[in-house]
file final.txt (compact mmCIF, C-alpha atoms)
# COMPACT_ATOMS: atom_id res chain seq x y z
CA MET A 1 -10.66 1.81 -3.64
CA ARG A 2 -7.36 1.50 -1.82
CA ARG A 3 -5.20 2.99 0.88
CA PRO A 4 -4.74 6.46 -0.67
CA LEU A 5 -8.43 7.14 -0.11
CA ALA A 6 -8.08 5.84 3.42
CA ALA A 7 -5.41 8.48 3.85
CA ALA A 8 -7.90 11.09 2.64
CA LEU A 9 -10.59 9.88 5.00
CA SER A 10 -8.42 9.46 8.06
CA ALA A 11 -4.67 9.89 7.93
CA LEU A 12 -4.66 13.20 6.07
CA ALA A 13 -7.29 14.51 8.43
CA ALA A 14 -5.24 14.00 11.57
CA LEU A 15 -2.55 11.36 11.44
CA THR A 16 1.08 11.96 10.78
CA ALA A 17 1.75 8.68 12.48
CA ALA A 18 3.90 5.75 11.59
CA GLY A 19 3.57 1.98 11.36
CA CYS A 20 5.28 -0.29 13.81
CA GLY A 21 8.19 -2.28 12.47
CA ASP A 22 7.39 -5.51 14.27
CA ALA A 23 6.89 -8.53 12.03
CA ALA A 24 6.57 -12.21 12.68
CA GLY A 25 9.34 -14.19 14.23
CA SER A 26 9.60 -17.65 15.74
CA SER A 27 8.38 -17.73 19.33
CA ARG A 28 8.68 -14.15 20.62
CA GLU A 29 11.22 -13.02 18.03
CA PRO A 30 10.44 -9.29 17.67
CA SER A 31 10.97 -8.78 13.96
CA ALA A 32 11.54 -10.34 10.58
CA THR A 33 14.08 -8.68 8.33
CA ALA A 34 14.74 -8.95 4.64
CA ALA A 35 17.80 -11.02 5.46
CA ALA A 36 15.93 -13.60 7.52
CA PRO A 37 16.76 -17.13 6.38
CA ALA A 38 14.02 -19.15 4.74
CA GLY A 39 13.09 -21.99 7.06
CA ARG A 40 10.03 -23.71 8.46
CA THR A 41 7.85 -21.76 10.84
CA SER A 42 7.87 -23.04 14.40
CA TYR A 43 4.42 -22.97 16.00
CA PRO A 44 3.11 -21.58 18.24
CA LEU A 45 4.30 -18.37 16.61
CA THR A 46 3.95 -15.35 18.91
CA PHE A 47 4.94 -11.75 18.28
CA ASP A 48 3.94 -8.18 19.01
CA ASN A 49 1.84 -6.46 16.35
CA CYS A 50 1.18 -2.76 16.98
CA GLY A 51 1.24 -3.31 20.75
CA THR A 52 -0.97 -6.40 20.66
CA ASN A 53 0.40 -9.87 21.26
CA VAL A 54 -0.74 -12.30 18.58
CA THR A 55 -0.25 -16.07 18.54
CA PHE A 56 -0.67 -18.54 15.69
CA GLN A 57 -0.96 -22.21 16.59
CA ARG A 58 -0.97 -23.16 12.89
CA PRO A 59 -1.29 -21.40 9.51
CA PRO A 60 -4.65 -19.59 9.39
CA GLN A 61 -7.26 -21.24 7.19
CA ARG A 62 -10.16 -18.76 7.30
CA VAL A 63 -8.77 -15.27 6.61
CA LEU A 64 -10.86 -12.14 6.31
CA ILE A 65 -9.04 -9.26 4.57
CA LEU A 66 -10.65 -5.96 5.53
CA ASN A 67 -11.00 -3.16 2.99
CA GLY A 68 -9.24 -0.18 4.53
CA THR A 69 -9.44 1.27 0.99
CA SER A 70 -6.28 -0.73 0.31
CA VAL A 71 -5.37 -3.42 -2.17
CA GLY A 72 -1.81 -4.15 -1.04
CA GLU A 73 -2.69 -6.85 1.47
CA VAL A 74 -4.83 -8.95 -0.86
CA GLU A 75 -2.24 -8.59 -3.63
CA SER A 76 0.37 -9.92 -1.21
CA PHE A 77 -1.80 -12.97 -0.53
CA VAL A 78 -2.24 -13.53 -4.27
CA LEU A 79 1.44 -13.23 -5.18
CA LEU A 80 2.32 -15.67 -2.39
CA GLY A 81 -0.26 -18.20 -3.62
CA LEU A 82 -2.32 -18.00 -0.43
CA GLU A 83 -5.72 -17.67 -2.10
CA LYS A 84 -7.05 -20.91 -0.58
CA HIS A 85 -6.61 -19.40 2.88
CA VAL A 86 -8.92 -16.46 2.10
CA LEU A 87 -12.43 -16.89 3.50
CA ALA A 88 -13.51 -13.41 2.41
CA ASN A 89 -11.78 -10.45 0.79
CA ALA A 90 -13.10 -6.89 0.99
CA GLN A 91 -10.27 -5.27 -0.99
CA SER A 92 -10.67 -4.49 -4.69
CA TYR A 93 -9.66 -1.83 -7.15
CA GLY A 94 -10.27 -2.63 -10.81
CA VAL A 95 -7.05 -1.03 -12.10
CA SER A 96 -3.56 -2.44 -11.64
CA ASP A 97 -0.01 -2.02 -12.87
CA ASP A 98 -0.12 -5.82 -13.16
CA PRO A 99 -3.24 -6.36 -15.31
CA SER A 100 -3.43 -10.05 -14.38
CA MET A 101 -4.03 -9.04 -10.76
CA ILE A 102 -7.53 -7.70 -11.41
CA ALA A 103 -9.06 -11.07 -12.34
CA LYS A 104 -7.19 -12.88 -9.57
CA ILE A 105 -8.61 -10.59 -6.92
CA LYS A 106 -12.08 -10.75 -8.43
CA ALA A 107 -11.96 -14.55 -8.21
CA LEU A 108 -11.55 -14.49 -4.42
CA PRO A 109 -14.62 -15.08 -2.22
CA THR A 110 -16.25 -12.01 -0.70
CA GLY A 111 -18.34 -13.80 1.92
CA GLY A 112 -21.37 -11.71 0.98
CA LEU A 113 -20.03 -8.90 3.15
CA THR A 114 -21.23 -5.29 2.91
CA MET A 115 -19.50 -2.07 3.95
CA ASN A 116 -20.74 0.44 6.49
CA LYS A 117 -20.52 4.22 6.04
CA ASN A 118 -16.83 4.07 7.01
CA PHE A 119 -15.94 1.87 4.04
CA ASP A 120 -15.34 -1.39 5.86
CA VAL A 121 -16.96 -4.50 7.28
CA PRO A 122 -19.00 -3.81 10.44
CA ALA A 123 -18.32 -5.73 13.63
CA GLU A 124 -21.41 -7.94 13.56
CA GLN A 125 -20.62 -9.25 10.09
CA VAL A 126 -17.00 -10.01 11.00
CA LEU A 127 -17.99 -11.93 14.12
CA LYS A 128 -20.75 -13.82 12.30
CA LEU A 129 -18.33 -14.95 9.59
CA LYS A 130 -16.08 -16.59 12.24
CA PRO A 131 -12.69 -16.18 10.53
CA ASP A 132 -9.57 -17.35 12.33
CA LEU A 133 -7.59 -14.27 11.18
CA VAL A 134 -8.67 -10.73 10.31
CA VAL A 135 -6.14 -8.61 8.40
CA SER A 136 -6.32 -4.82 8.26
CA THR A 137 -4.06 -2.42 6.41
CA TRP A 138 -4.26 0.03 9.34
CA SER A 139 -5.03 0.12 13.05
CA GLY A 140 -8.22 2.04 12.33
CA GLY A 141 -9.71 -1.13 10.87
CA PHE A 142 -10.33 -2.22 14.47
CA ASP A 143 -11.85 1.04 15.72
CA ALA A 144 -15.16 0.54 17.55
CA LYS A 145 -16.09 4.20 16.96
CA LYS A 146 -16.24 3.44 13.25
CA GLY A 147 -18.43 0.40 13.79
CA PHE A 148 -15.61 -2.13 13.46
CA ALA A 149 -14.77 -5.07 15.70
CA THR A 150 -11.94 -4.30 18.11
CA ARG A 151 -8.91 -6.50 18.47
CA GLU A 152 -10.10 -7.32 22.00
CA GLN A 153 -13.53 -8.39 20.74
CA LEU A 154 -11.95 -10.59 18.12
CA ALA A 155 -9.56 -12.17 20.62
CA ALA A 156 -12.47 -12.94 22.95
CA ALA A 157 -14.12 -14.79 20.05
CA GLY A 158 -10.93 -16.76 19.36
CA ILE A 159 -10.04 -14.69 16.29
CA THR A 160 -6.51 -13.41 15.68
CA SER A 161 -6.06 -9.92 14.23
CA LEU A 162 -3.18 -8.47 12.21
CA VAL A 163 -2.30 -4.93 11.12
CA ASN A 164 0.18 -4.34 8.32
CA PRO A 165 3.08 -3.40 10.63
CA VAL A 166 4.18 -0.23 8.84
CA ASN A 167 0.68 1.21 9.34
CA CYS A 168 0.39 0.61 13.08
CA ALA A 169 0.14 4.33 13.81
CA MET A 170 -2.53 4.94 11.18
CA GLY A 171 -5.72 5.20 13.21
CA LYS A 172 -3.91 4.64 16.52
CA PRO A 173 -3.97 7.83 18.66
CA GLU A 174 -1.53 6.38 21.19
CA ALA A 175 1.05 5.45 18.57
CA THR A 176 4.62 5.35 19.79
CA PRO A 177 7.32 7.60 18.29
CA GLU A 178 8.81 4.51 16.63
CA GLU A 179 5.48 3.67 15.03
CA GLN A 180 5.06 7.24 13.83
CA ARG A 181 8.53 7.29 12.26
CA ALA A 182 7.93 3.97 10.52
CA TYR A 183 4.72 5.23 8.93
CA GLN A 184 6.26 8.52 7.80
CA ASN A 185 9.31 6.74 6.38
CA GLN A 186 7.61 3.80 4.70
CA SER A 187 9.35 2.62 1.57
CA ILE A 188 9.51 -0.16 -1.00
CA ASN A 189 11.16 -2.22 1.72
CA SER A 190 7.98 -1.88 3.80
CA SER A 191 6.03 -3.60 1.03
CA LEU A 192 8.52 -6.45 0.88
CA GLU A 193 8.63 -6.90 4.65
CA PHE A 194 4.90 -7.60 4.70
CA LEU A 195 5.45 -10.44 2.22
CA LEU A 196 8.09 -11.91 4.54
CA LEU A 197 5.72 -11.55 7.48
CA LEU A 198 3.00 -13.50 5.68
CA GLY A 199 5.59 -16.08 4.70
CA ARG A 200 6.32 -16.79 8.33
CA ILE A 201 2.70 -16.75 9.49
CA PHE A 202 1.63 -19.22 6.78
CA ASP A 203 4.81 -21.33 6.81
CA VAL A 204 5.71 -20.43 3.22
CA GLN A 205 9.00 -18.75 4.05
CA HIS A 206 10.88 -20.20 1.08
CA ARG A 207 8.18 -18.93 -1.25
CA ALA A 208 8.21 -15.47 0.35
CA VAL A 209 12.00 -15.13 0.32
CA ASP A 210 12.11 -16.22 -3.32
CA LEU A 211 9.41 -13.73 -4.30
CA VAL A 212 11.04 -10.88 -2.40
CA GLY A 213 14.37 -11.72 -4.00
CA LYS A 214 12.87 -11.55 -7.48
CA LEU A 215 11.11 -8.26 -6.79
CA ARG A 216 14.26 -6.75 -5.29
CA ALA A 217 16.27 -7.90 -8.31
CA ARG A 218 13.88 -6.14 -10.70
CA ILE A 219 14.09 -2.91 -8.75
CA GLU A 220 17.87 -3.08 -8.34
CA ALA A 221 18.26 -3.69 -12.07
CA VAL A 222 16.52 -0.37 -12.68
CA ARG A 223 18.59 1.39 -10.00
CA MET A 224 21.77 0.20 -11.68
CA ARG A 225 20.58 1.26 -15.13
CA VAL A 226 19.79 4.82 -14.04
CA ALA A 227 22.67 5.24 -11.58
CA GLY A 228 24.60 8.45 -12.16
CA ARG A 229 21.96 9.97 -14.42
CA PRO A 230 20.44 13.39 -13.61
CA ALA A 231 17.42 12.99 -11.33
CA LYS A 232 14.45 14.36 -13.26
CA LYS A 233 11.53 15.82 -11.34
CA VAL A 234 8.49 13.52 -11.35
CA LEU A 235 4.94 14.44 -10.40
CA ILE A 236 2.53 11.66 -9.34
CA ALA A 237 -1.02 12.96 -9.83
CA TYR A 238 -4.35 11.13 -9.51
CA PRO A 239 -7.10 13.18 -11.24
CA GLY A 240 -9.76 10.74 -10.05
CA MET A 241 -8.83 11.37 -6.42
CA ALA A 242 -9.58 15.09 -6.44
CA MET A 243 -11.75 14.50 -3.35
CA MET A 244 -8.49 14.28 -1.40
CA ASN A 245 -7.54 17.90 -2.19
CA ALA A 246 -9.24 20.85 -0.51
CA ASN A 247 -9.06 22.80 -3.78
CA GLY A 248 -10.42 20.06 -6.03
CA LEU A 249 -7.05 19.47 -7.71
CA PRO A 250 -5.68 16.07 -8.70
CA ALA A 251 -4.29 14.24 -5.69
CA VAL A 252 -0.54 14.79 -5.78
CA MET A 253 1.36 12.12 -3.86
CA THR A 254 4.57 12.87 -2.02
CA GLY A 255 6.69 11.55 0.82
CA GLY A 256 7.42 8.04 2.01
CA ILE A 257 6.96 5.25 -0.47
CA TYR A 258 6.05 7.61 -3.33
CA ASP A 259 9.44 9.29 -3.11
CA ASP A 260 11.16 5.92 -2.83
CA VAL A 261 9.51 4.55 -5.97
CA ILE A 262 10.45 7.69 -7.91
CA LYS A 263 14.02 7.57 -6.61
CA ALA A 264 14.40 3.93 -7.65
CA ALA A 265 13.28 4.95 -11.15
CA GLY A 266 15.99 7.61 -11.33
CA GLY A 267 13.94 10.66 -10.46
CA VAL A 268 13.04 12.91 -7.56
CA ASN A 269 9.53 13.86 -6.46
CA ALA A 270 8.54 17.30 -7.78
CA PHE A 271 7.26 18.00 -4.26
CA ALA A 272 10.04 16.22 -2.38
CA GLY A 273 10.33 17.26 1.25
CA GLN A 274 6.60 17.83 1.63
CA THR A 275 4.54 15.80 4.07
CA ALA A 276 1.45 13.80 3.17
CA ASP A 277 -0.58 16.87 4.15
CA ALA A 278 0.51 18.48 0.87
CA THR A 279 -1.96 16.20 -0.93
CA ARG A 280 -4.79 17.95 0.89
CA THR A 281 -3.50 21.54 0.94
CA LEU A 282 -1.84 21.96 -2.47
CA ASN A 283 -3.23 24.95 -4.38
CA ARG A 284 -3.37 25.74 -8.10
CA GLU A 285 -0.49 28.23 -8.02
CA GLN A 286 1.82 25.74 -6.32
CA LEU A 287 0.93 23.12 -8.89
CA ALA A 288 1.31 25.51 -11.82
CA THR A 289 4.76 26.70 -10.74
CA ALA A 290 6.12 23.25 -9.87
CA GLN A 291 9.08 21.92 -11.83
CA VAL A 292 7.77 18.83 -13.58
CA ASP A 293 9.94 16.95 -16.07
CA VAL A 294 7.87 13.75 -16.02
CA LEU A 295 4.19 13.31 -15.25
CA ALA A 296 3.00 10.03 -13.73
CA VAL A 297 -0.76 9.90 -14.21
CA GLY A 298 -2.39 7.73 -11.57
CA LEU A 299 -5.53 5.80 -12.45
CA PHE A 300 -8.13 5.38 -9.75
CA THR A 301 -11.06 3.83 -11.60
CA PRO A 302 -11.24 1.47 -14.60
CA GLY A 303 -13.03 4.09 -16.70
CA GLU A 304 -10.17 6.59 -16.60
CA LYS A 305 -7.95 6.92 -19.67
CA GLY A 306 -4.33 7.72 -18.92
CA GLU A 307 -3.66 9.43 -22.25
CA GLU A 308 -6.70 11.66 -21.91
CA GLU A 309 -5.93 12.61 -18.32
CA ALA A 310 -2.34 13.45 -19.25
CA ALA A 311 -3.53 15.68 -22.09
CA LYS A 312 -5.87 17.56 -19.72
CA LEU A 313 -3.08 18.16 -17.21
CA PHE A 314 -0.66 19.29 -19.92
CA ALA A 315 -3.25 21.77 -21.20
CA ALA A 316 -3.98 23.06 -17.69
CA TYR A 317 -0.29 23.45 -16.78
CA PRO A 318 1.55 24.37 -20.00
CA HIS A 319 4.62 25.73 -18.23
CA TRP A 320 5.72 22.29 -17.04
CA ALA A 321 8.66 20.90 -18.98
CA ALA A 322 6.66 17.67 -19.18
CA SER A 323 3.83 19.55 -20.90
CA LYS A 324 6.17 20.85 -23.57
CA THR A 325 7.71 17.44 -24.26
CA LYS A 326 4.52 15.42 -23.57
CA THR A 327 6.52 13.16 -21.25
CA TYR A 328 4.33 10.96 -19.09
CA THR A 329 3.59 7.45 -17.94
CA VAL A 330 0.54 5.82 -16.38
CA VAL A 331 0.58 4.07 -12.98
CA SER A 332 -2.02 2.82 -10.55
CA ASP A 333 -1.40 0.59 -7.52
CA GLY A 334 2.36 0.18 -8.00
CA VAL A 335 3.30 3.43 -6.26
CA TYR A 336 1.51 2.50 -3.03
CA LEU A 337 2.27 0.16 -0.17
CA GLY A 338 1.95 -3.29 -1.69
CA PRO A 339 3.88 -5.89 -3.65
CA LEU A 340 3.66 -4.21 -7.08
CA ASN A 341 6.25 -1.47 -6.58
CA ALA A 342 8.60 -3.15 -9.08
CA TRP A 343 6.02 -2.72 -11.83
CA ALA A 344 5.73 1.04 -11.18
CA VAL A 345 9.50 1.50 -10.90
CA GLU A 346 10.03 -0.17 -14.26
CA LYS A 347 7.26 1.85 -15.93
CA MET A 348 8.47 5.15 -14.55
CA SER A 349 12.14 4.57 -15.36
CA LYS A 350 11.35 4.13 -19.05
CA VAL A 351 10.20 7.75 -19.30
CA VAL A 352 12.51 9.26 -16.67
CA HIS A 353 15.58 7.86 -18.46
CA PRO A 354 14.47 6.34 -21.76
CA GLY A 355 17.06 4.19 -23.47
CA ASP A 356 19.73 4.78 -20.79

call {"tool": "encode", "arguments": {"input": "final.txt", "output": "structure tokens"}}
result
Amino acid sequence: MRRPLAAALSALAALTAAGCGDAAGSSREPSATAAAPAGRTSYPLTFDNCGTNVTFQRPPQRVLILNGTSVGEVESFVLLGLEKHVLANAQSYGVSDDPSMIAKIKALPTGGLTMNKNFDVPAEQVLKLKPDLVVSTWSGGFDAKKGFATREQLAAAGITSLVNPVNCAMGKPEATPEEQRAYQNQSINSSLEFLLLLGRIFDVQHRAVDLVGKLRARIEAVRMRVAGRPAKKVLIAYPGMAMMNANGLPAVMTGGIYDDVIKAAGGVNAFAGQTADATRTLNREQLATAQVDVLAVGLFTPGEKGEEEAAKLFAAYPHWAASKTKTYTVVSDGVYLGPLNAWAVEKMSKVVHPGD
């Protein structure tokens, strides 16, 4: 499971909020940008994270990564080579646009943790584990009403907490307008900024800047290849996430980072301009009459077969241009907030503009 399901369980129910843009900086510096120079981290490192002051005296050594139905945070740790810092990881998925990622995540310790009915680690288990840092993809990961440890409880126990900055408003009723805008406008850059944030927290800034540079280069290479080409209409649909739609339809993703990934691949979202609420409210007529040149089938579970799911959608919606030409690709975690956006952009571009 990953963040899209979290959106179904929480954000799509009520939140149209945004994540705060604050990232780590040296001693009270408010933010880290993509252009930040790669240097050594100066400790103590203090910054504001979603309205909470956090301080690191040294690189954390016992990190608990909460589930949040996300996989982007643990993938960021893996790509940065920070596995030895992970005490317990609650994020997993089983399908990835980078197949090597599955085994790497599976190899991380889980700490014997179990989830409560709200799909995350309950407070008593977190406190018993005694991590020095708890990472959550959203503010709701620290909501006492859901049985989770609050940031105040953790601080009282000497435990630092961290929310992926772009998701500050997710699960935070008192989110600021800036936080709301950041969440609504999250993009590929949001994924890369989290890598830079971790680089500063763990004093691996050179590693983070190098990784971000390589990922940006891959994405920009695609942008240059498709520049000037007609923007074909792309539909991202997850048949296995039909629980997110009130009408039992495949979960259609639009807005924010989804649109940005499609744009980088040379397309435009078939439902561009819609809010995240469209995933929940979309009906069969709207889906049937959509202009779809390219179908991006999203895989949610390891047992799903992309080719079979594409065939079912083509049969159900024969009026799509994509159905007539059988034009599709298969994606999974690369279209969501996380470090694998480059993989999805490359995959998608090959069918949006093949051979261009």

call {"tool": "atom_distance", "arguments": {"input": "final.txt", "atom1": "CA of His353 (chain A)", "atom2": "CA of Gln274 (chain A)"}}
result
24.2 Å

call {"tool": "axis_aligned_box", "arguments": {"input": "final.txt", "around": "region 266-285 of chain A", "padding_each_side": "8 Å", "output": "JSON"}}
result
{"center_x": 5.6, "center_y": 17.9, "center_z": -3.6, "size_x": 36.8, "size_y": 36.6, "size_z": 31.5}

call {"tool": "closest_residue", "arguments": {"input": "final.txt", "among": "A:Val86, A:Val166, A:Ala107, A:Ala217", "to": "Glu193 (chain A)", "atoms": "all atoms listed in the file"}}
result
A:Val166

call {"tool": "residues_near_point", "arguments": {"input": "final.txt", "point": "(-12.4, -17.0, 12.5)", "cutoff": "12 Å", "atoms": "all atoms listed in the file", "output": "PyMOL selection string"}}
result
chain A and resi 60-65+85-88+125-135+153-161

call {"tool": "atom_distance", "arguments": {"input": "final.txt", "atom1": "CA of Gln291 (chain A)", "atom2": "CA of Val268 (chain A)"}}
result
10.7 Å

call {"tool": "residues_around", "arguments": {"input": "final.txt", "residues": "Ala149 (chain A)", "least_positions_apart": "4", "cutoff": "6 Å", "atoms": "all atoms listed in the file", "output": "list in words"}}
result
Ala123, Phe142 and Ala144 of chain A

call {"tool": "closest_atom_pairs", "arguments": {"input": "final.txt", "of": "region 37-82 of chain A", "to": "region 296-309 of chain A", "cutoff": "12 Å", "atoms": "all atoms listed in the file", "output": "CSV"}}
result
residue,atom,partner,partner_atom,distance
A:Thr69,CA,A:Phe300,CA,11.6
A:Ser70,CA,A:Phe300,CA,11.9
A:Val71,CA,A:Phe300,CA,11.9

call {"tool": "residues_around", "arguments": {"input": "final.txt", "residues": "region 322-338 of chain A", "least_positions_apart": "2", "cutoff": "6 Å", "atoms": "all atoms listed in the file", "output": "PyMOL selection string"}}
result
chain A and resi 72+96-97+191+258+292-299+306+314+318+320+340-341+344

call {"tool": "closest_residue", "arguments": {"input": "final.txt", "among": "A:Ala272, A:Ala265, A:Val209, A:Val163", "to": "Ala38 (chain A)", "atoms": "all atoms listed in the file"}}
result
A:Val209

call {"tool": "atom_distance", "arguments": {"input": "final.txt", "atom1": "CA of Met224 (chain A)", "atom2": "CA of Ser76 (chain A)"}}
result
25.9 Å

call {"tool": "residues_around", "arguments": {"input": "final.txt", "residues": "Gly147 (chain A)", "least_positions_apart": "5", "cutoff": "9 Å", "atoms": "all atoms listed in the file", "output": "number ranges by chain"}}
result
A: 116-118, 120-124, 142

call {"tool": "closest_residue", "arguments": {"input": "final.txt", "among": "A:Glu152, A:Glu83, A:Asp203, A:Asp259", "to": "Asn185 (chain A)", "atoms": "only C-alpha atoms"}}
result
A:Asp259

call {"tool": "residues_around", "arguments": {"input": "final.txt", "residues": "Lys214 (chain A)", "least_positions_apart": "6", "cutoff": "10 Å", "atoms": "all atoms listed in the file", "output": "JSON, numbers by chain"}}
result
{"A": [208, 220, 342]}
